[in-house]
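Remarks on the structure that follows.
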Amino acid sequence: MPAIPVPRFQYNDPDLKAPAPGRELIFAVGLVESIPGVGPATGGQHFGVPLSIGPNNTRLRRLHDNVEVTLPNDSVTVWAAPFQVAGHAVGEYALSNRPGWHWLRWTVADHVSYDNQQATAAIGPDPSENPLVIIPCAATKADRPAAARDLYIGSFHRMCYRAASALTSDDNIRILSAKHGLLRLNDQVDPYELRMGDPGTVTVEQLIRQAREQEILDHRNVVILAGRDYTAMARHLWPSAATPLQGSRSIGEHRQRLAGIAREPHVSLRAA
(Lines give C-alpha, C1' and ligand atoms only; values in the text may rest on other atoms or scores of the structure.)
Protein backbone atom coordinates (compact mmCIF):
# COMPACT_ATOMS: atom_id res chain seq x y z
CA MET A 1 0.00 0.00 0.00
CA PRO A 2 1.43 3.44 -0.91
CA ALA A 3 2.30 5.79 1.92
CA ILE A 4 -0.53 8.00 3.10
CA PRO A 5 0.22 11.58 1.88
CA VAL A 6 0.61 14.42 4.35
CA PRO A 7 -0.78 17.91 3.61
CA ARG A 8 2.15 20.16 2.70
CA PHE A 9 0.68 23.19 0.94
CA GLN A 10 1.21 26.54 2.66
CA TYR A 11 0.07 30.06 1.86
CA ASN A 12 2.03 32.82 3.58
CA ASP A 13 1.40 36.07 1.68
CA PRO A 14 0.93 38.79 4.36
CA ASP A 15 -0.83 40.99 1.76
CA LEU A 16 -3.40 38.24 1.08
CA LYS A 17 -3.04 38.45 -2.68
CA ALA A 18 -5.54 35.99 -4.12
CA PRO A 19 -4.20 33.29 -6.44
CA ALA A 20 -6.12 32.70 -9.64
CA PRO A 21 -8.73 29.93 -9.44
CA GLY A 22 -8.89 26.89 -11.70
CA ARG A 23 -7.56 23.35 -11.94
CA GLU A 24 -3.95 24.53 -11.63
CA LEU A 25 -4.65 26.00 -8.20
CA ILE A 26 -6.46 22.85 -7.05
CA PHE A 27 -3.51 20.63 -8.00
CA ALA A 28 -1.07 23.10 -6.41
CA VAL A 29 -2.98 22.92 -3.11
CA GLY A 30 -3.06 19.15 -3.55
CA LEU A 31 -6.08 18.42 -1.40
CA VAL A 32 -9.84 18.47 -1.93
CA GLU A 33 -12.83 17.64 0.24
CA SER A 34 -16.42 16.76 -0.42
CA ILE A 35 -19.17 19.18 0.53
CA PRO A 36 -21.05 18.54 3.79
CA GLY A 37 -23.47 15.67 3.39
CA VAL A 38 -21.40 13.91 0.74
CA GLY A 39 -19.16 11.34 2.38
CA PRO A 40 -18.48 7.71 3.21
CA ALA A 41 -21.28 5.52 4.55
CA THR A 42 -19.49 5.54 7.89
CA GLY A 43 -19.93 9.31 8.15
CA GLY A 44 -17.79 12.39 7.68
CA GLN A 45 -16.52 13.79 4.40
CA HIS A 46 -14.23 12.52 1.67
CA PHE A 47 -10.86 14.26 2.02
CA GLY A 48 -7.96 13.47 -0.25
CA VAL A 49 -5.47 14.13 -3.04
CA PRO A 50 -6.95 15.05 -6.45
CA LEU A 51 -5.75 12.60 -9.09
CA SER A 52 -7.69 13.96 -12.07
CA ILE A 53 -10.33 16.60 -12.75
CA GLY A 54 -12.55 16.01 -15.76
CA PRO A 55 -15.44 18.01 -17.20
CA ASN A 56 -17.90 16.43 -14.74
CA ASN A 57 -16.05 14.38 -12.10
CA THR A 58 -13.05 14.49 -9.80
CA ARG A 59 -10.98 11.41 -8.98
CA LEU A 60 -9.28 11.56 -5.57
CA ARG A 61 -7.34 9.32 -3.21
CA ARG A 62 -8.63 9.54 0.34
CA LEU A 63 -6.03 10.39 2.96
CA HIS A 64 -7.11 8.05 5.72
CA ASP A 65 -7.23 4.80 3.74
CA ASN A 66 -5.73 5.47 0.27
CA VAL A 67 -8.99 4.37 -1.40
CA GLU A 68 -9.68 6.06 -4.75
CA VAL A 69 -13.16 7.53 -5.24
CA THR A 70 -14.85 9.50 -8.01
CA LEU A 71 -17.22 12.34 -7.09
CA PRO A 72 -19.21 14.86 -9.15
CA ASN A 73 -17.36 18.17 -9.51
CA ASP A 74 -20.21 20.04 -7.86
CA SER A 75 -19.75 17.89 -4.73
CA VAL A 76 -16.06 18.72 -4.19
CA THR A 77 -14.21 21.84 -3.01
CA VAL A 78 -10.54 22.76 -2.76
CA TRP A 79 -8.94 22.55 0.71
CA ALA A 80 -9.31 26.13 1.98
CA ALA A 81 -7.67 25.89 5.41
CA PRO A 82 -4.22 27.28 4.42
CA PHE A 83 -5.79 30.44 3.02
CA GLN A 84 -8.14 30.91 5.96
CA VAL A 85 -5.30 30.43 8.46
CA ALA A 86 -3.26 33.08 6.63
CA GLY A 87 -6.22 35.43 6.79
CA HIS A 88 -6.73 34.84 10.50
CA ALA A 89 -3.05 35.61 11.09
CA VAL A 90 -3.60 39.19 9.93
CA GLY A 91 -7.06 39.61 11.44
CA GLU A 92 -9.13 38.75 8.33
CA TYR A 93 -11.95 36.39 9.30
CA ALA A 94 -14.11 36.74 6.19
CA LEU A 95 -11.54 36.12 3.47
CA SER A 96 -14.09 34.95 0.91
CA ASN A 97 -15.67 38.42 0.94
CA ARG A 98 -12.45 40.15 -0.13
CA PRO A 99 -11.96 41.03 -3.83
CA GLY A 100 -10.50 38.09 -5.72
CA TRP A 101 -11.26 35.52 -3.02
CA HIS A 102 -14.87 34.68 -3.94
CA TRP A 103 -13.66 31.32 -5.33
CA LEU A 104 -13.22 30.07 -1.75
CA ARG A 105 -16.97 29.36 -1.91
CA TRP A 106 -16.68 27.52 -5.23
CA THR A 107 -16.98 23.86 -5.98
CA VAL A 108 -14.62 22.16 -8.44
CA ALA A 109 -17.36 22.58 -11.07
CA ASP A 110 -16.99 26.36 -10.76
CA HIS A 111 -13.20 26.11 -11.17
CA VAL A 112 -13.67 24.02 -14.32
CA SER A 113 -16.10 26.61 -15.70
CA TYR A 114 -13.54 29.34 -14.97
CA ASP A 115 -10.89 27.44 -16.94
CA ASN A 116 -13.32 27.03 -19.82
CA GLN A 117 -14.01 30.77 -19.84
CA GLN A 118 -10.30 31.55 -19.91
CA ALA A 119 -9.78 29.16 -22.81
CA THR A 120 -12.60 30.64 -24.89
CA ALA A 121 -11.47 34.18 -24.05
CA ALA A 122 -8.02 33.34 -25.41
CA ILE A 123 -9.61 32.29 -28.70
CA GLY A 124 -11.59 35.51 -28.84
CA PRO A 125 -15.23 36.22 -29.68
CA ASP A 126 -16.87 34.58 -32.64
CA PRO A 127 -17.92 37.45 -34.95
CA SER A 128 -20.82 35.37 -36.27
CA GLU A 129 -22.22 34.81 -32.79
CA ASN A 130 -24.89 37.26 -31.66
CA PRO A 131 -23.55 39.03 -28.57
CA LEU A 132 -24.91 38.33 -25.13
CA VAL A 133 -25.64 41.77 -23.65
CA ILE A 134 -25.90 42.39 -19.91
CA ILE A 135 -27.76 45.46 -18.70
CA PRO A 136 -28.54 46.62 -15.14
CA CYS A 137 -31.81 46.69 -13.29
CA ALA A 138 -33.17 50.03 -12.06
CA ALA A 139 -34.11 51.65 -8.78
CA THR A 140 -37.33 52.97 -10.34
CA LYS A 141 -39.83 50.14 -10.85
CA ALA A 142 -43.45 49.57 -11.64
CA ASP A 143 -45.69 49.24 -8.59
CA ARG A 144 -46.98 45.76 -9.45
CA PRO A 145 -45.54 42.41 -10.61
CA ALA A 146 -44.51 42.47 -14.24
CA ALA A 147 -42.21 40.95 -16.81
CA ALA A 148 -38.65 42.13 -16.24
CA ARG A 149 -38.78 44.15 -19.48
CA ASP A 150 -41.68 46.15 -18.02
CA LEU A 151 -40.80 46.21 -14.32
CA TYR A 152 -37.76 48.48 -14.61
CA ILE A 153 -38.80 51.92 -15.78
CA GLY A 154 -35.78 54.07 -14.90
CA SER A 155 -34.48 56.21 -17.77
CA PHE A 156 -30.90 54.89 -17.60
CA HIS A 157 -32.12 51.30 -17.71
CA ARG A 158 -34.31 52.07 -20.71
CA MET A 159 -31.32 53.61 -22.52
CA CYS A 160 -29.29 50.48 -21.76
CA TYR A 161 -32.07 48.33 -23.16
CA ARG A 162 -32.32 50.40 -26.37
CA ALA A 163 -28.56 50.08 -26.89
CA ALA A 164 -28.68 46.34 -26.17
CA SER A 165 -31.54 45.92 -28.66
CA ALA A 166 -29.38 47.55 -31.34
CA LEU A 167 -26.65 44.98 -30.68
CA THR A 168 -28.56 41.73 -30.35
CA SER A 169 -31.93 39.98 -30.11
CA ASP A 170 -34.10 40.01 -27.00
CA ASP A 171 -33.25 36.34 -26.38
CA ASN A 172 -29.62 37.39 -25.84
CA ILE A 173 -30.30 40.20 -23.38
CA ARG A 174 -30.08 39.64 -19.63
CA ILE A 175 -31.00 42.11 -16.91
CA LEU A 176 -28.64 41.85 -13.94
CA SER A 177 -30.89 42.26 -10.90
CA ALA A 178 -29.40 43.02 -7.51
CA LYS A 179 -31.92 40.63 -5.95
CA HIS A 180 -32.69 38.02 -8.61
CA GLY A 181 -29.50 37.81 -10.66
CA LEU A 182 -29.68 37.16 -14.40
CA LEU A 183 -33.23 37.80 -15.63
CA ARG A 184 -34.61 37.10 -19.08
CA LEU A 185 -36.80 39.88 -20.38
CA ASN A 186 -40.00 37.86 -19.95
CA ASP A 187 -39.25 36.60 -16.42
CA GLN A 188 -42.02 37.64 -14.03
CA VAL A 189 -40.73 39.72 -11.11
CA ASP A 190 -42.33 41.35 -8.07
CA PRO A 191 -41.28 44.90 -7.17
CA TYR A 192 -38.47 45.07 -4.59
CA GLU A 193 -36.05 47.54 -3.05
CA LEU A 194 -32.42 46.41 -3.17
CA ARG A 195 -29.24 47.88 -4.62
CA MET A 196 -26.11 46.02 -5.67
CA GLY A 197 -23.85 45.70 -2.64
CA ASP A 198 -26.66 45.84 -0.07
CA PRO A 199 -27.02 42.90 2.35
CA GLY A 200 -28.92 40.14 0.58
CA THR A 201 -27.81 41.00 -2.95
CA VAL A 202 -27.08 38.22 -5.42
CA THR A 203 -23.66 36.57 -5.08
CA VAL A 204 -21.12 35.66 -7.75
CA GLU A 205 -21.74 31.97 -7.04
CA GLN A 206 -25.47 32.39 -7.63
CA LEU A 207 -24.80 34.20 -10.90
CA ILE A 208 -22.47 31.43 -12.07
CA ARG A 209 -25.11 28.80 -11.34
CA GLN A 210 -27.76 30.80 -13.18
CA ALA A 211 -25.51 31.36 -16.19
CA ARG A 212 -24.69 27.66 -16.32
CA GLU A 213 -28.38 26.73 -16.14
CA GLN A 214 -29.19 29.24 -18.91
CA GLU A 215 -26.27 27.89 -20.98
CA ILE A 216 -24.66 31.32 -21.35
CA LEU A 217 -21.65 30.94 -19.05
CA ASP A 218 -19.33 29.96 -21.92
CA HIS A 219 -20.64 32.62 -24.32
CA ARG A 220 -17.62 34.10 -26.10
CA ASN A 221 -19.13 37.37 -27.33
CA VAL A 222 -20.39 39.32 -24.31
CA VAL A 223 -21.07 43.05 -23.92
CA ILE A 224 -21.77 44.66 -20.54
CA LEU A 225 -23.72 47.92 -20.63
CA ALA A 226 -23.82 48.95 -16.98
CA GLY A 227 -22.28 51.09 -14.29
CA ARG A 228 -19.27 50.18 -12.18
CA ASP A 229 -20.81 47.88 -9.56
CA TYR A 230 -22.90 45.87 -12.01
CA THR A 231 -20.01 45.63 -14.48
CA ALA A 232 -17.71 44.32 -11.74
CA MET A 233 -20.22 41.59 -10.85
CA ALA A 234 -20.75 40.54 -14.46
CA ARG A 235 -17.02 40.41 -15.19
CA HIS A 236 -16.61 37.68 -12.58
CA LEU A 237 -18.47 35.52 -15.10
CA TRP A 238 -17.15 37.01 -18.32
CA PRO A 239 -13.72 38.54 -17.61
CA SER A 240 -13.07 39.31 -21.28
CA ALA A 241 -16.42 40.96 -21.99
CA ALA A 242 -16.55 44.26 -23.85
CA THR A 243 -17.40 47.15 -21.48
CA PRO A 244 -18.03 50.21 -23.66
CA LEU A 245 -19.19 52.36 -20.72
CA GLN A 246 -15.99 51.77 -18.77
CA GLY A 247 -13.95 54.92 -18.34
CA SER A 248 -16.93 57.24 -18.55
CA ARG A 249 -16.51 60.10 -16.11
CA SER A 250 -20.18 60.88 -15.49
CA ILE A 251 -23.68 59.58 -15.97
CA GLY A 252 -24.01 62.09 -18.77
CA GLU A 253 -21.11 60.47 -20.63
CA HIS A 254 -22.68 57.06 -19.99
CA ARG A 255 -25.85 58.30 -21.68
CA GLN A 256 -23.93 59.74 -24.63
CA ARG A 257 -22.18 56.43 -25.24
CA LEU A 258 -25.43 54.49 -24.95
CA ALA A 259 -27.11 56.82 -27.43
CA GLY A 260 -24.21 56.32 -29.82
CA ILE A 261 -24.47 52.53 -29.56
CA ALA A 262 -28.22 52.69 -30.19
CA ARG A 263 -27.62 54.77 -33.35
CA GLU A 264 -24.54 53.02 -34.73
CA PRO A 265 -23.95 49.89 -32.64
CA HIS A 266 -20.93 48.33 -34.30
CA VAL A 267 -19.15 51.62 -35.00
CA SER A 268 -19.63 52.73 -31.40
CA LEU A 269 -18.38 49.43 -29.98
CA ARG A 270 -15.21 49.57 -32.07
CA ALA A 271 -14.56 53.11 -30.93
CA ALA A 272 -15.10 52.31 -27.24
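Quick note on naming: the chains in the C-alpha coordinates go A, B, ... in the order shown, residues restart at 1 in each chain, and ligands are numbered from 1 in order of appearance.
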For segment 39-53 of chain A, find every residue with an atom within 8 Å (counting only C-alpha atoms), except residues of its own chain fewer than 6 positions away, and show them as a VMD selection string. chain A and resid 5 23 26 to 27 30 to 33 59 to 63 73
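Across the model, the gap from atom CA of Asn97 of chain A to atom CA of Phe9 of chain A is 22.3 Å.
For the choices A:Gly22, A:Gly200, A:Pro82, A:Gly100, the atom-to-atom distance to Tyr114 of chain A is smallest for A:Gly22 when using only C-alpha atoms.
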Leu95 of chain A environment, 7 Å, only C-alpha atoms, sequence neighbours closer than 6 positions dropped, as a CSV table (one decimal) with all heavy atoms, in the first residue's frame:
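Result went into around.csv, see below:
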chain,number,residue,atom,x,y,z
A,84,GLN,N,-7.4,30.4,4.8
A,84,GLN,CA,-8.1,30.9,6.0
A,84,GLN,C,-7.2,31.2,7.1
A,84,GLN,O,-7.3,32.2,7.8
A,84,GLN,CB,-9.3,30.0,6.3
A,84,GLN,CG,-10.3,29.9,5.3
A,84,GLN,CD,-11.3,28.7,5.5
A,84,GLN,OE1,-11.0,27.8,6.2
A,84,GLN,NE2,-12.4,28.7,4.8
A,87,GLY,N,-5.4,34.3,6.5
A,87,GLY,CA,-6.2,35.4,6.8
A,87,GLY,C,-6.4,35.7,8.3
A,87,GLY,O,-6.3,36.9,8.7
A,101,TRP,N,-11.2,36.7,-3.8
A,101,TRP,CA,-11.3,35.5,-3.0
A,101,TRP,C,-12.6,34.8,-3.1
A,101,TRP,O,-12.8,33.9,-2.3
A,101,TRP,CB,-10.9,35.8,-1.6
A,101,TRP,CG,-9.5,36.1,-1.3
A,101,TRP,CD1,-8.9,37.3,-1.2
A,101,TRP,CD2,-8.4,35.1,-1.2
A,101,TRP,NE1,-7.5,37.2,-1.0
A,101,TRP,CE2,-7.2,35.8,-1.0
A,101,TRP,CE3,-8.4,33.7,-1.2
A,101,TRP,CZ2,-6.0,35.2,-0.8
A,101,TRP,CZ3,-7.2,33.1,-1.0
A,101,TRP,CH2,-6.0,33.8,-0.8
Shell around His236 of chain A at 10 Å using only C-alpha atoms, local window under 3 positions removed, as an NGL selection string: :A and (100 or 102 or 114 or 204-205 or 207-208 or 231-233 or 239-241)
All helix (DSSP H, G or I) positions in segment 18-264 of chain A, as a count of residues only: 93
Would you mind listing, for every residue of segment 167-189 of chain A within 8 Å of segment 135-142 of chain A, the two atoms forming the shortest contact and the distance between them in Å to one decimal, using only C-alpha atoms, sorted by chain and ascending residue number, as JSON lines?
{"residue": "A:Ile173", "atom": "CA", "partner": "A:Ile135", "partner_atom": "CA", "distance": 7.5}
{"residue": "A:Arg174", "atom": "CA", "partner": "A:Ile135", "partner_atom": "CA", "distance": 6.3}
{"residue": "A:Ile175", "atom": "CA", "partner": "A:Ile135", "partner_atom": "CA", "distance": 5.0}
{"residue": "A:Leu176", "atom": "CA", "partner": "A:Pro136", "partner_atom": "CA", "distance": 4.9}
{"residue": "A:Ser177", "atom": "CA", "partner": "A:Cys137", "partner_atom": "CA", "distance": 5.1}
{"residue": "A:Ala178", "atom": "CA", "partner": "A:Cys137", "partner_atom": "CA", "distance": 7.3}
Can I get the selected residues back with N, CA and C atoms, as a tab-separated table (two decimals), in the first residue's frame?
chain	number	residue	atom	x	y	z
A	173	ILE	N	-30.44	39.12	-24.36
A	173	ILE	CA	-30.30	40.20	-23.38
A	173	ILE	C	-30.64	39.65	-22.00
A	174	ARG	N	-29.81	39.99	-21.02
A	174	ARG	CA	-30.08	39.64	-19.63
A	174	ARG	C	-30.03	40.90	-18.79
A	175	ILE	N	-30.99	41.01	-17.88
A	175	ILE	CA	-31.00	42.11	-16.91
A	175	ILE	C	-30.36	41.58	-15.63
A	176	LEU	N	-29.31	42.25	-15.17
A	176	LEU	CA	-28.64	41.85	-13.94
A	176	LEU	C	-29.34	42.53	-12.77
A	177	SER	N	-30.12	41.76	-12.04
A	177	SER	CA	-30.89	42.26	-10.90
A	177	SER	C	-30.11	42.08	-9.61
A	178	ALA	N	-30.10	43.11	-8.79
A	178	ALA	CA	-29.40	43.02	-7.51
A	178	ALA	C	-29.98	41.93	-6.62
